[in-house]
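Student: What follows is the file run-v1.cif, containing mmCIF, C-alpha atoms:
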```cif
data_protein
#
loop_
_atom_site.group_PDB
_atom_site.id
_atom_site.type_symbol
_atom_site.label_atom_id
_atom_site.label_comp_id
_atom_site.auth_asym_id
_atom_site.auth_seq_id
_atom_site.Cartn_x
_atom_site.Cartn_y
_atom_site.Cartn_z
ATOM 1 C CA MET A 227 141.152 138.521 404.689
ATOM 2 C CA PHE A 228 143.213 135.339 404.772
ATOM 3 C CA GLN A 229 141.886 133.384 407.761
ATOM 4 C CA LYS A 230 140.896 130.423 405.560
ATOM 5 C CA PHE A 231 143.162 131.064 402.590
ATOM 6 C CA ASP A 232 144.615 127.888 401.071
ATOM 7 C CA ALA A 233 147.179 128.548 398.344
ATOM 8 C CA SER A 234 146.537 125.142 396.750
ATOM 9 C CA LYS A 235 142.887 126.065 396.176
ATOM 10 C CA ASP A 236 142.528 129.822 396.332
ATOM 11 C CA ILE A 237 145.142 131.182 393.923
ATOM 12 C CA ARG A 238 143.375 132.082 390.683
ATOM 13 C CA SER A 239 146.524 132.669 388.642
ATOM 14 C CA HIS A 240 150.297 132.871 388.991
ATOM 15 C CA THR A 241 151.633 134.742 385.975
ATOM 16 C CA GLN A 242 155.058 135.978 384.949
ATOM 17 C CA VAL A 243 154.697 139.573 383.792
ATOM 18 C CA LYS A 244 156.319 141.228 380.803
ATOM 19 C CA GLY A 245 159.433 143.311 381.315
ATOM 20 C CA SER A 246 157.511 146.562 380.864
ATOM 21 C CA ILE A 247 155.066 145.642 383.631
ATOM 22 C CA ALA A 248 157.912 144.561 385.911
ATOM 23 C CA ARG A 249 159.574 147.941 385.354
ATOM 24 C CA ASN A 250 156.335 149.727 386.193
ATOM 25 C CA ILE A 251 156.001 147.732 389.414
ATOM 26 C CA LYS A 252 159.573 148.598 390.339
ATOM 27 C CA LYS A 253 158.923 152.265 389.539
ATOM 28 C CA GLU A 254 155.799 152.291 391.727
ATOM 29 C CA VAL A 255 157.682 150.697 394.623
ATOM 30 C CA LYS A 256 160.484 153.277 394.352
ATOM 31 C CA LYS A 257 157.955 156.116 394.327
ATOM 32 C CA LEU A 258 155.958 154.827 397.288
ATOM 33 C CA TYR A 259 158.921 153.610 399.333
ATOM 34 C CA PRO A 260 162.039 155.668 398.484
ATOM 35 C CA GLN A 261 163.818 154.191 401.509
ATOM 36 C CA LEU A 262 164.140 150.968 399.470
ATOM 37 C CA ASP A 263 166.163 152.653 396.742
ATOM 38 C CA GLU A 264 169.467 151.075 397.802
ATOM 39 C CA VAL A 265 168.072 147.522 397.860
ATOM 40 C CA ILE A 266 165.503 147.658 395.079
ATOM 41 C CA ASP A 267 167.753 145.684 392.718
ATOM 42 C CA HIS A 268 168.010 142.906 395.304
ATOM 43 C CA ILE A 269 164.233 142.706 395.526
ATOM 44 C CA PHE A 270 163.782 142.876 391.755
ATOM 45 C CA PRO A 271 167.038 141.655 390.140
ATOM 46 C CA LYS A 272 167.175 142.580 386.460
ATOM 47 C CA LYS A 273 167.416 139.013 385.199
ATOM 48 C CA ASN A 274 164.900 137.514 387.615
ATOM 49 C CA PRO A 275 161.233 137.170 386.615
ATOM 50 C CA VAL A 276 158.456 138.993 388.447
ATOM 51 C CA TYR A 277 155.101 137.296 388.990
ATOM 52 C CA LEU A 278 151.622 138.499 389.863
ATOM 53 C CA VAL A 279 149.683 136.126 392.102
ATOM 54 C CA LYS A 280 145.943 136.747 391.932
ATOM 55 C CA CYS A 281 144.156 135.451 394.987
ATOM 56 C CA HIS A 282 140.575 134.329 395.418
ATOM 57 C CA GLN A 283 139.413 137.558 396.940
ATOM 58 C CA ILE A 284 140.418 141.074 395.870
ATOM 59 C CA VAL A 285 144.144 140.792 396.391
ATOM 60 C CA THR A 286 147.065 140.603 393.969
ATOM 61 C CA VAL A 287 150.526 139.749 395.308
ATOM 62 C CA VAL A 288 153.875 140.701 393.740
ATOM 63 C CA GLU A 289 156.409 137.872 393.769
ATOM 64 C CA SER A 290 160.125 138.007 393.012
ATOM 65 C CA ARG A 291 162.944 135.685 394.093
ATOM 66 C CA ASP A 292 160.340 133.155 395.250
ATOM 67 C CA PHE A 293 159.101 135.628 397.846
ATOM 68 C CA TRP A 294 155.880 137.614 398.217
ATOM 69 C CA TRP A 295 156.926 141.241 398.771
ATOM 70 C CA PHE A 296 153.873 143.436 398.190
ATOM 71 C CA TYR A 297 150.137 143.106 397.849
ATOM 72 C CA ARG A 298 147.422 145.242 396.296
ATOM 73 C CA VAL A 299 143.756 145.396 397.340
ATOM 74 C CA ARG A 300 141.598 145.966 394.265
ATOM 75 C CA ASN A 301 143.266 148.852 392.376
ATOM 76 C CA GLY A 302 144.899 150.393 395.436
ATOM 77 C CA PRO A 303 148.604 151.062 395.988
ATOM 78 C CA LEU A 304 151.192 148.375 396.586
ATOM 79 C CA ILE A 305 151.508 147.627 400.302
ATOM 80 C CA PRO A 306 154.340 145.649 401.938
ATOM 81 C CA THR A 307 153.392 142.179 403.100
ATOM 82 C CA LEU A 308 153.925 141.506 406.774
ATOM 83 C CA LYS A 309 157.072 139.500 406.052
ATOM 84 C CA MET A 310 158.456 142.400 404.034
ATOM 85 C CA LEU A 311 157.573 144.803 406.830
ATOM 86 C CA HIS A 312 159.519 142.764 409.371
ATOM 87 C CA LYS A 313 162.652 143.226 407.302
ATOM 88 C CA PHE A 314 162.004 146.932 406.657
ATOM 89 C CA PRO A 315 159.882 148.116 409.618
ATOM 90 C CA SER A 316 159.962 151.813 408.705
ATOM 91 C CA LEU A 317 158.100 151.413 405.411
ATOM 92 C CA LEU A 318 154.696 152.186 406.925
ATOM 93 C CA PRO A 319 153.442 154.401 409.736
ATOM 94 C CA SER A 320 152.527 152.350 412.772
ATOM 95 C CA VAL A 321 149.737 152.130 415.304
ATOM 96 C CA THR A 322 149.679 150.047 418.481
ATOM 97 C CA VAL A 323 146.922 147.845 419.861
ATOM 98 C CA ASP A 324 146.610 147.101 423.555
ATOM 99 C CA LYS A 325 147.329 143.638 424.952
ATOM 100 C CA GLY A 326 143.663 142.747 425.076
ATOM 101 C CA ALA A 327 143.370 143.090 421.305
ATOM 102 C CA ILE A 328 146.322 140.855 420.390
ATOM 103 C CA LYS A 329 144.475 137.528 420.474
ATOM 104 C CA HIS A 330 141.694 138.973 418.316
ATOM 105 C CA VAL A 331 144.105 140.424 415.738
ATOM 106 C CA LEU A 332 145.891 137.060 415.491
ATOM 107 C CA LYS A 333 142.561 135.469 414.612
ATOM 108 C CA GLY A 334 141.952 137.957 411.808
ATOM 109 C CA SER A 335 139.435 140.212 413.525
ATOM 110 C CA LYS A 336 139.021 143.760 412.332
ATOM 111 C CA ILE A 337 140.598 146.240 414.727
ATOM 112 C CA MET A 338 138.172 148.398 416.676
ATOM 113 C CA SER A 339 138.889 151.969 417.689
ATOM 114 C CA PRO A 340 139.033 151.295 421.467
ATOM 115 C CA GLY A 341 141.894 148.862 420.863
ATOM 116 C CA LEU A 342 143.974 151.820 419.664
ATOM 117 C CA THR A 343 142.808 154.505 422.061
ATOM 118 C CA SER A 344 142.763 152.596 425.363
ATOM 119 C CA LYS A 345 145.720 152.339 427.735
ATOM 120 C CA GLY A 346 148.529 150.453 425.991
ATOM 121 C CA GLY A 347 147.278 151.332 422.515
ATOM 122 C CA SER A 348 148.178 154.360 420.430
ATOM 123 C CA ILE A 349 147.393 156.085 417.171
ATOM 124 C CA GLU A 350 149.333 159.260 416.595
ATOM 125 C CA GLY A 351 149.779 161.860 413.902
ATOM 126 C CA ASP A 352 147.564 162.872 411.006
ATOM 127 C CA LEU A 353 146.909 159.486 409.426
ATOM 128 C CA LYS A 354 144.253 159.517 406.720
ATOM 129 C CA GLU A 355 141.378 157.194 405.887
ATOM 130 C CA GLY A 356 142.574 154.535 403.459
ATOM 131 C CA GLU A 357 146.216 154.754 404.573
ATOM 132 C CA ALA A 358 148.099 151.499 405.131
ATOM 133 C CA VAL A 359 149.583 151.009 408.595
ATOM 134 C CA ALA A 360 151.750 148.534 410.461
ATOM 135 C CA VAL A 361 149.953 147.178 413.519
ATOM 136 C CA MET A 362 152.238 146.883 416.514
ATOM 137 C CA ALA A 363 151.218 145.362 419.825
ATOM 138 C CA GLU A 364 151.811 146.532 423.356
ATOM 139 C CA GLY A 365 154.977 144.926 424.695
ATOM 140 C CA MET A 366 156.010 143.318 421.396
ATOM 141 C CA LYS A 367 158.899 144.214 419.099
ATOM 142 C CA HIS A 368 157.536 143.217 415.693
ATOM 143 C CA ALA A 369 154.404 144.184 413.796
ATOM 144 C CA ILE A 370 151.684 141.573 414.139
ATOM 145 C CA ALA A 371 149.561 142.799 411.235
ATOM 146 C CA VAL A 372 149.250 145.160 408.283
ATOM 147 C CA GLY A 373 145.970 146.863 407.488
ATOM 148 C CA THR A 374 144.147 149.863 406.067
ATOM 149 C CA LEU A 375 142.550 152.618 408.099
ATOM 150 C CA VAL A 376 138.785 152.786 407.747
ATOM 151 C CA MET A 377 138.726 156.189 409.447
ATOM 152 C CA SER A 378 141.268 158.948 409.880
ATOM 153 C CA ALA A 379 143.304 159.057 413.076
ATOM 154 C CA ASP A 380 141.448 162.219 414.140
ATOM 155 C CA GLU A 381 138.079 160.481 413.711
ATOM 156 C CA ILE A 382 139.234 157.378 415.558
ATOM 157 C CA ARG A 383 140.416 159.456 418.515
ATOM 158 C CA ALA A 384 137.267 161.608 418.482
ATOM 159 C CA THR A 385 134.619 158.876 418.179
ATOM 160 C CA ASN A 386 136.448 156.009 419.934
ATOM 161 C CA LYS A 387 134.041 153.491 418.434
ATOM 162 C CA GLY A 388 133.560 151.416 415.319
ATOM 163 C CA ILE A 389 135.991 149.610 413.042
ATOM 164 C CA ALA A 390 139.331 151.397 412.729
ATOM 165 C CA ILE A 391 141.438 149.018 410.578
ATOM 166 C CA ASP A 392 140.335 146.513 407.944
ATOM 167 C CA PHE A 393 141.905 144.363 405.179
ATOM 168 C CA LEU A 394 144.300 142.760 407.636
ATOM 169 C CA LEU A 395 147.253 140.544 406.963
ATOM 170 C CA TYR A 396 148.363 139.029 410.251
ATOM 171 C CA LEU A 397 150.959 136.643 411.613
ATOM 172 C CA ASN A 398 150.427 133.058 410.471
ATOM 173 C CA ASP A 399 147.412 133.789 408.294
ATOM 174 C CA GLY A 400 147.029 132.016 404.963
ATOM 175 C CA LEU A 401 149.111 134.556 403.065
ATOM 176 C CA TRP A 402 151.935 134.304 405.615
ATOM 177 C CA GLN A 403 151.960 130.526 405.263
ATOM 178 C CA ALA A 404 151.787 130.617 401.458
ATOM 179 C CA SER A 405 154.686 133.064 401.206
ATOM 180 C CA GLN A 406 157.205 130.940 403.111
ATOM 181 C CA PRO A 407 160.509 130.961 401.173
ATOM 182 C CA LYS A 408 161.027 127.734 399.233
ATOM 183 C CA GLN A 409 164.555 127.384 400.612
ATOM 184 C CA ASP A 410 166.218 128.968 403.600
ATOM 185 C CA THR A 411 169.782 130.138 403.219
ATOM 186 C CA ALA A 412 172.519 127.737 404.360
ATOM 187 C CA GLU A 413 173.445 130.154 407.131
ATOM 188 C CA THR A 414 169.882 130.267 408.393
ATOM 189 C CA LYS A 415 169.675 126.475 408.478
ATOM 190 C CA GLN A 416 172.831 126.296 410.561
ATOM 191 C CA ARG A 417 171.644 128.799 413.146
ATOM 192 C CA GLN A 418 170.618 127.307 416.438
ATOM 193 C CA PRO A 419 167.683 128.798 418.324
ATOM 194 C CA THR A 420 168.527 130.583 421.534
ATOM 195 C CA THR A 421 166.683 129.865 424.736
ATOM 196 C CA ALA A 422 165.226 132.767 426.643
ATOM 197 C CA LYS A 423 162.625 133.162 429.296
ATOM 198 C CA LYS A 424 159.342 134.273 427.748
ATOM 199 C CA THR A 425 156.616 136.354 429.224
ATOM 200 C CA GLY A 426 153.064 136.959 428.093
ATOM 201 C CA ASN A 427 150.484 134.534 426.760
ATOM 202 C CA ALA A 428 150.878 131.838 424.120
ATOM 203 C CA ASP A 429 149.622 134.044 421.279
ATOM 204 C CA GLU A 430 152.185 136.751 422.065
ATOM 205 C CA ASN A 431 155.064 134.265 422.363
ATOM 206 C CA ALA A 432 154.129 132.535 419.108
ATOM 207 C CA ALA A 433 153.891 135.872 417.323
ATOM 208 C CA ASP A 434 157.357 136.878 418.495
ATOM 209 C CA ASP A 435 158.818 133.520 417.421
ATOM 210 C CA ASP A 436 157.305 133.754 413.934
ATOM 211 C CA ALA A 437 158.479 137.326 413.484
ATOM 212 C CA LYS A 438 162.052 136.543 414.558
ATOM 213 C CA GLU A 439 162.233 133.551 412.224
ATOM 214 C CA ASN A 440 161.040 135.688 409.326
ATOM 215 C CA GLU A 441 163.763 138.281 409.946
ATOM 216 C CA GLU A 442 166.423 135.687 409.152
ATOM 217 C CA VAL A 443 165.216 134.136 405.903
ATOM 218 C CA ILE A 444 164.295 136.966 403.529
ATOM 219 C CA PHE A 445 167.812 137.903 402.415
ATOM 220 C CA ASP A 446 171.248 136.456 402.667
ATOM 221 C CA ASP A 447 173.249 138.753 404.932
ATOM 222 C CA ASP A 448 175.544 139.622 402.016
ATOM 223 C CA ASP A 449 172.624 140.980 400.000
ATOM 224 C CA LEU A 450 172.112 144.082 402.142
#
```
Would you mind writing the file out in structure tokens?

Tutor:
Amino acid sequence: MFQKFDASKDIRSHTQVKGSIARNIKKEVKKLYPQLDEVIDHIFPKKNPVYLVKCHQIVTVVESRDFWWFYRVRNGPLIPTLKMLHKFPSLLPSVTVDKGAIKHVLKGSKIMSPGLTSKGGSIEGDLKEGEAVAVMAEGMKHAIAVGTLVMSADEIRATNKGIAIDFLLYLNDGLWQASQPKQDTAETKQRQPTTAKKTGNADENAADDDAKENEEVIFDDDDL
């Protein structure tokens, strides 16, 4: 959805919501993601404003503390952004694409069923059509995308053809770039990168680097 998204041109509105709407957003998040109960007041502090960012397509983003936490496609449920998912990886059920699909996902391509059912990929459980999922990649630690199932898991496994996941947010897409925190914490700025031998292709290494950087800048360590 956000291959060519440019925040300077493609944001239709950026509006602070009333307190009643902010409370409703918070209530919806608590209902959908009860595992966030202990940190919900850090995401939505009582005295901090909440904004709705309406994008050029069919997406509305929820912003608090200068960070984009959730997005909504049309009138659907609130879904964690990819940056949010890296901090709280258990919020969504996950599927895994094989290595051959990684470069396509990182270019914003829709995910085809064979990418999940072939060797190295996986889609387990009783996932339903329309359910949001975290997209993991074979051999990688962090989710590389978030998307919505076009078919149920049973149908994907049975047919093994056609589009399986659509409405993707993926590493380094326009939404990822637009939601960079305005200021990193002092501790994050002082951290020095570690050097380690990397394996895999350039897309995989870049994805891992971006995901690791994101882990460090969402919260101060004292917040959680």

Student: Leaving out Gly365 in chain A and any residue of its chain fewer than 3 positions from it, which residues lie within 9 Å of it when counting only C-alpha atoms, given as a PyMOL selection string?

Tutor: chain A and resi 324-325+346+362+426

Student: Would you work out the distance separating CA of Gly400 in chain A from CA of Ile337 in chain A, expressed in Å to one decimal?

Tutor: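 Going from CA of Gly400 in chain A over to CA of Ile337 in chain A, I get 18.4 Å.
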
Student: Please evaluate the PyMOL selection byres ((chain A and resi 273) around 12) against the structure above and give the resulting residues as a PyMOL selection string.

Tutor: chain A and resi 245+248-249+267-272+274-276+290-291

Student: What is the CA of Ser344 in chain A-CA of Leu375 in chain A distance in Å, reported with one decimal?

Tutor: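 That distance, rounded to one decimal, is 17.3 Å.
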
Student: What does the PyMOL selection byres ((chain A and resi 332) around 8) select in this file, as number ranges by chain?

Tutor: A: 328-331, 333-335, 370, 396-398, 429

Student: Of the candidates A:Asn386, A:Gln283, A:Ser246, A:Thr343, which shows the shortest atom-to-atom distance to Asp232 in chain A, using all atoms listed in the file?

Tutor: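 When distances to Asp232 in chain A are compared using all atoms listed in the file, the smallest one comes from A:Gln283.
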
Student: Interatomic distance between CA of Gly356 in chain A and CA of Met377 in chain A?

Tutor: 7.3 Å

Student: Please identify all polymer residues lying at most 12 Å from the point (152.5, 131.4, 402.4) (file coordinates), using all atoms listed in the file, and present the result as a PyMOL selection string.

Tutor: chain A and resi 228+231-234+236-237+279+281+287+289+292-295+307-309+395-408+440

Student: Restricted to C-alpha atoms, what would the selected residues look like written as a PDB file, keeping the file's coordinate frame?

Tutor:
```pdb
ATOM      1  CA  PHE A 228     143.213 135.339 404.772  1.00  0.00           C
ATOM      2  CA  PHE A 231     143.162 131.064 402.590  1.00  0.00           C
ATOM      3  CA  ASP A 232     144.615 127.888 401.071  1.00  0.00           C
ATOM      4  CA  ALA A 233     147.179 128.548 398.344  1.00  0.00           C
ATOM      5  CA  SER A 234     146.537 125.142 396.750  1.00  0.00           C
ATOM      6  CA  ASP A 236     142.528 129.822 396.332  1.00  0.00           C
ATOM      7  CA  ILE A 237     145.142 131.182 393.923  1.00  0.00           C
ATOM      8  CA  VAL A 279     149.683 136.126 392.102  1.00  0.00           C
ATOM      9  CA  CYS A 281     144.156 135.451 394.987  1.00  0.00           C
ATOM     10  CA  VAL A 287     150.526 139.749 395.308  1.00  0.00           C
ATOM     11  CA  GLU A 289     156.409 137.872 393.769  1.00  0.00           C
ATOM     12  CA  ASP A 292     160.340 133.155 395.250  1.00  0.00           C
ATOM     13  CA  PHE A 293     159.101 135.628 397.846  1.00  0.00           C
ATOM     14  CA  TRP A 294     155.880 137.614 398.217  1.00  0.00           C
ATOM     15  CA  TRP A 295     156.926 141.241 398.771  1.00  0.00           C
ATOM     16  CA  THR A 307     153.392 142.179 403.100  1.00  0.00           C
ATOM     17  CA  LEU A 308     153.925 141.506 406.774  1.00  0.00           C
ATOM     18  CA  LYS A 309     157.072 139.500 406.052  1.00  0.00           C
ATOM     19  CA  LEU A 395     147.253 140.544 406.963  1.00  0.00           C
ATOM     20  CA  TYR A 396     148.363 139.029 410.251  1.00  0.00           C
ATOM     21  CA  LEU A 397     150.959 136.643 411.613  1.00  0.00           C
ATOM     22  CA  ASN A 398     150.427 133.058 410.471  1.00  0.00           C
ATOM     23  CA  ASP A 399     147.412 133.789 408.294  1.00  0.00           C
ATOM     24  CA  GLY A 400     147.029 132.016 404.963  1.00  0.00           C
ATOM     25  CA  LEU A 401     149.111 134.556 403.065  1.00  0.00           C
ATOM     26  CA  TRP A 402     151.935 134.304 405.615  1.00  0.00           C
ATOM     27  CA  GLN A 403     151.960 130.526 405.263  1.00  0.00           C
ATOM     28  CA  ALA A 404     151.787 130.617 401.458  1.00  0.00           C
ATOM     29  CA  SER A 405     154.686 133.064 401.206  1.00  0.00           C
ATOM     30  CA  GLN A 406     157.205 130.940 403.111  1.00  0.00           C
ATOM     31  CA  PRO A 407     160.509 130.961 401.173  1.00  0.00           C
ATOM     32  CA  LYS A 408     161.027 127.734 399.233  1.00  0.00           C
ATOM     33  CA  ASN A 440     161.040 135.688 409.326  1.00  0.00           C
TER      34      ASN A 440
END
```

Student: Taking the file as shown, what set of residues would the PyMOL selection byres ((chain A and resi 387) around 7) give back, as a PyMOL selection string?

Tutor: chain A and resi 338-340+385-386+388-389

Student: Under the rule that all atoms listed in the file are counted, which of A:Thr286, A:Ser348, A:Gln261, A:Asn301 is the nearest residue to Leu317 in chain A?

Tutor: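 Nearest to Leu317 in chain A: A:Gln261.
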
Student: Find the residues with any atom within 9 Å of (155.4, 153.7, 399.8); use all atoms listed in the file and the coordinates as given in the file, and write the answer as a PyMOL selection string.

Tutor: chain A and resi 254-261+303-306+317-318

Student: Pick the closest to Arg238 in chain A from A:Ile251, A:Ile284, A:Ile266, A:Val299: which is it, counting only C-alpha atoms?

Tutor: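 Smallest separation from Arg238 in chain A among the options: A:Ile284.
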
Student: Which residue out of A:Leu342, A:Ala358, A:Ala371, A:Val288 has the minimum interatomic distance to Pro319 in chain A when all atoms listed in the file are used?

Tutor: A:Ala358

Student: With only C-alpha atoms as the atoms that count, which of A:Ala369, A:Val376, A:Ile382, A:Val285 lies nearest to Lys336 in chain A?

Tutor: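 Nearest to Lys336 in chain A: A:Val376.
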
Student: Atoms are missing here; could range 279-289 of chain A be completed with all heavy atoms and written as a compact mmCIF listing (two decimals), in the frame of the given file?

Tutor:
```txt
# COMPACT_ATOMS: atom_id res chain seq x y z
N VAL A 279 150.47 137.23 391.56
CA VAL A 279 149.68 136.13 392.10
C VAL A 279 148.31 136.67 392.45
O VAL A 279 148.16 137.48 393.38
CB VAL A 279 150.35 135.54 393.37
CG1 VAL A 279 149.57 134.33 393.86
CG2 VAL A 279 151.81 135.16 393.09
N LYS A 280 147.31 136.27 391.69
CA LYS A 280 145.94 136.75 391.93
C LYS A 280 145.23 135.76 392.84
O LYS A 280 145.09 134.57 392.53
CB LYS A 280 145.20 136.92 390.61
CG LYS A 280 145.79 138.04 389.76
CD LYS A 280 144.92 138.35 388.55
CE LYS A 280 145.51 139.52 387.77
NZ LYS A 280 144.68 139.86 386.58
N CYS A 281 144.78 136.29 393.97
CA CYS A 281 144.16 135.45 394.99
C CYS A 281 142.65 135.44 394.82
O CYS A 281 142.07 136.20 394.05
CB CYS A 281 144.56 135.94 396.38
SG CYS A 281 146.35 135.90 396.64
N HIS A 282 142.00 134.57 395.59
CA HIS A 282 140.57 134.33 395.42
C HIS A 282 139.70 135.51 395.77
O HIS A 282 138.55 135.58 395.37
CB HIS A 282 140.16 133.13 396.28
CG HIS A 282 140.17 133.40 397.76
ND1 HIS A 282 141.28 133.84 398.41
CD2 HIS A 282 139.19 133.29 398.70
CE1 HIS A 282 141.00 133.98 399.70
NE2 HIS A 282 139.75 133.65 399.90
N GLN A 283 140.24 136.44 396.51
CA GLN A 283 139.41 137.56 396.94
C GLN A 283 139.69 138.77 396.05
O GLN A 283 139.46 138.73 394.86
CB GLN A 283 139.67 137.85 398.42
CG GLN A 283 139.37 136.65 399.31
CD GLN A 283 139.56 136.95 400.78
OE1 GLN A 283 139.43 138.06 401.23
NE2 GLN A 283 139.88 135.92 401.54
N ILE A 284 140.22 139.83 396.61
CA ILE A 284 140.42 141.07 395.87
C ILE A 284 141.87 141.49 395.94
O ILE A 284 142.20 142.67 395.79
CB ILE A 284 139.52 142.19 396.46
CG1 ILE A 284 139.74 142.29 397.97
CG2 ILE A 284 138.06 141.92 396.16
CD1 ILE A 284 138.96 143.41 398.64
N VAL A 285 142.74 140.51 396.13
CA VAL A 285 144.14 140.79 396.39
C VAL A 285 145.04 140.24 395.29
O VAL A 285 144.86 139.11 394.83
CB VAL A 285 144.58 140.19 397.75
CG1 VAL A 285 146.07 140.41 397.99
CG2 VAL A 285 143.77 140.81 398.88
N THR A 286 146.01 141.04 394.88
CA THR A 286 147.06 140.60 393.97
C THR A 286 148.40 140.76 394.68
O THR A 286 148.66 141.81 395.29
CB THR A 286 147.08 141.43 392.68
OG1 THR A 286 145.82 141.30 392.02
CG2 THR A 286 148.18 140.96 391.74
N VAL A 287 149.24 139.75 394.63
CA VAL A 287 150.53 139.75 395.31
C VAL A 287 151.64 139.83 394.27
O VAL A 287 151.56 139.22 393.20
CB VAL A 287 150.70 138.47 396.16
CG1 VAL A 287 152.06 138.46 396.85
CG2 VAL A 287 149.59 138.38 397.20
N VAL A 288 152.70 140.60 394.60
CA VAL A 288 153.88 140.70 393.74
C VAL A 288 154.95 139.75 394.26
O VAL A 288 155.34 139.83 395.43
CB VAL A 288 154.42 142.14 393.71
CG1 VAL A 288 155.71 142.21 392.88
CG2 VAL A 288 153.38 143.10 393.16
N GLU A 289 155.40 138.86 393.39
CA GLU A 289 156.41 137.87 393.77
C GLU A 289 157.69 138.07 392.97
O GLU A 289 157.66 138.31 391.76
CB GLU A 289 155.89 136.46 393.52
CG GLU A 289 156.90 135.36 393.81
CD GLU A 289 156.43 133.99 393.36
OE1 GLU A 289 155.29 133.61 393.72
OE2 GLU A 289 157.18 133.31 392.65
```
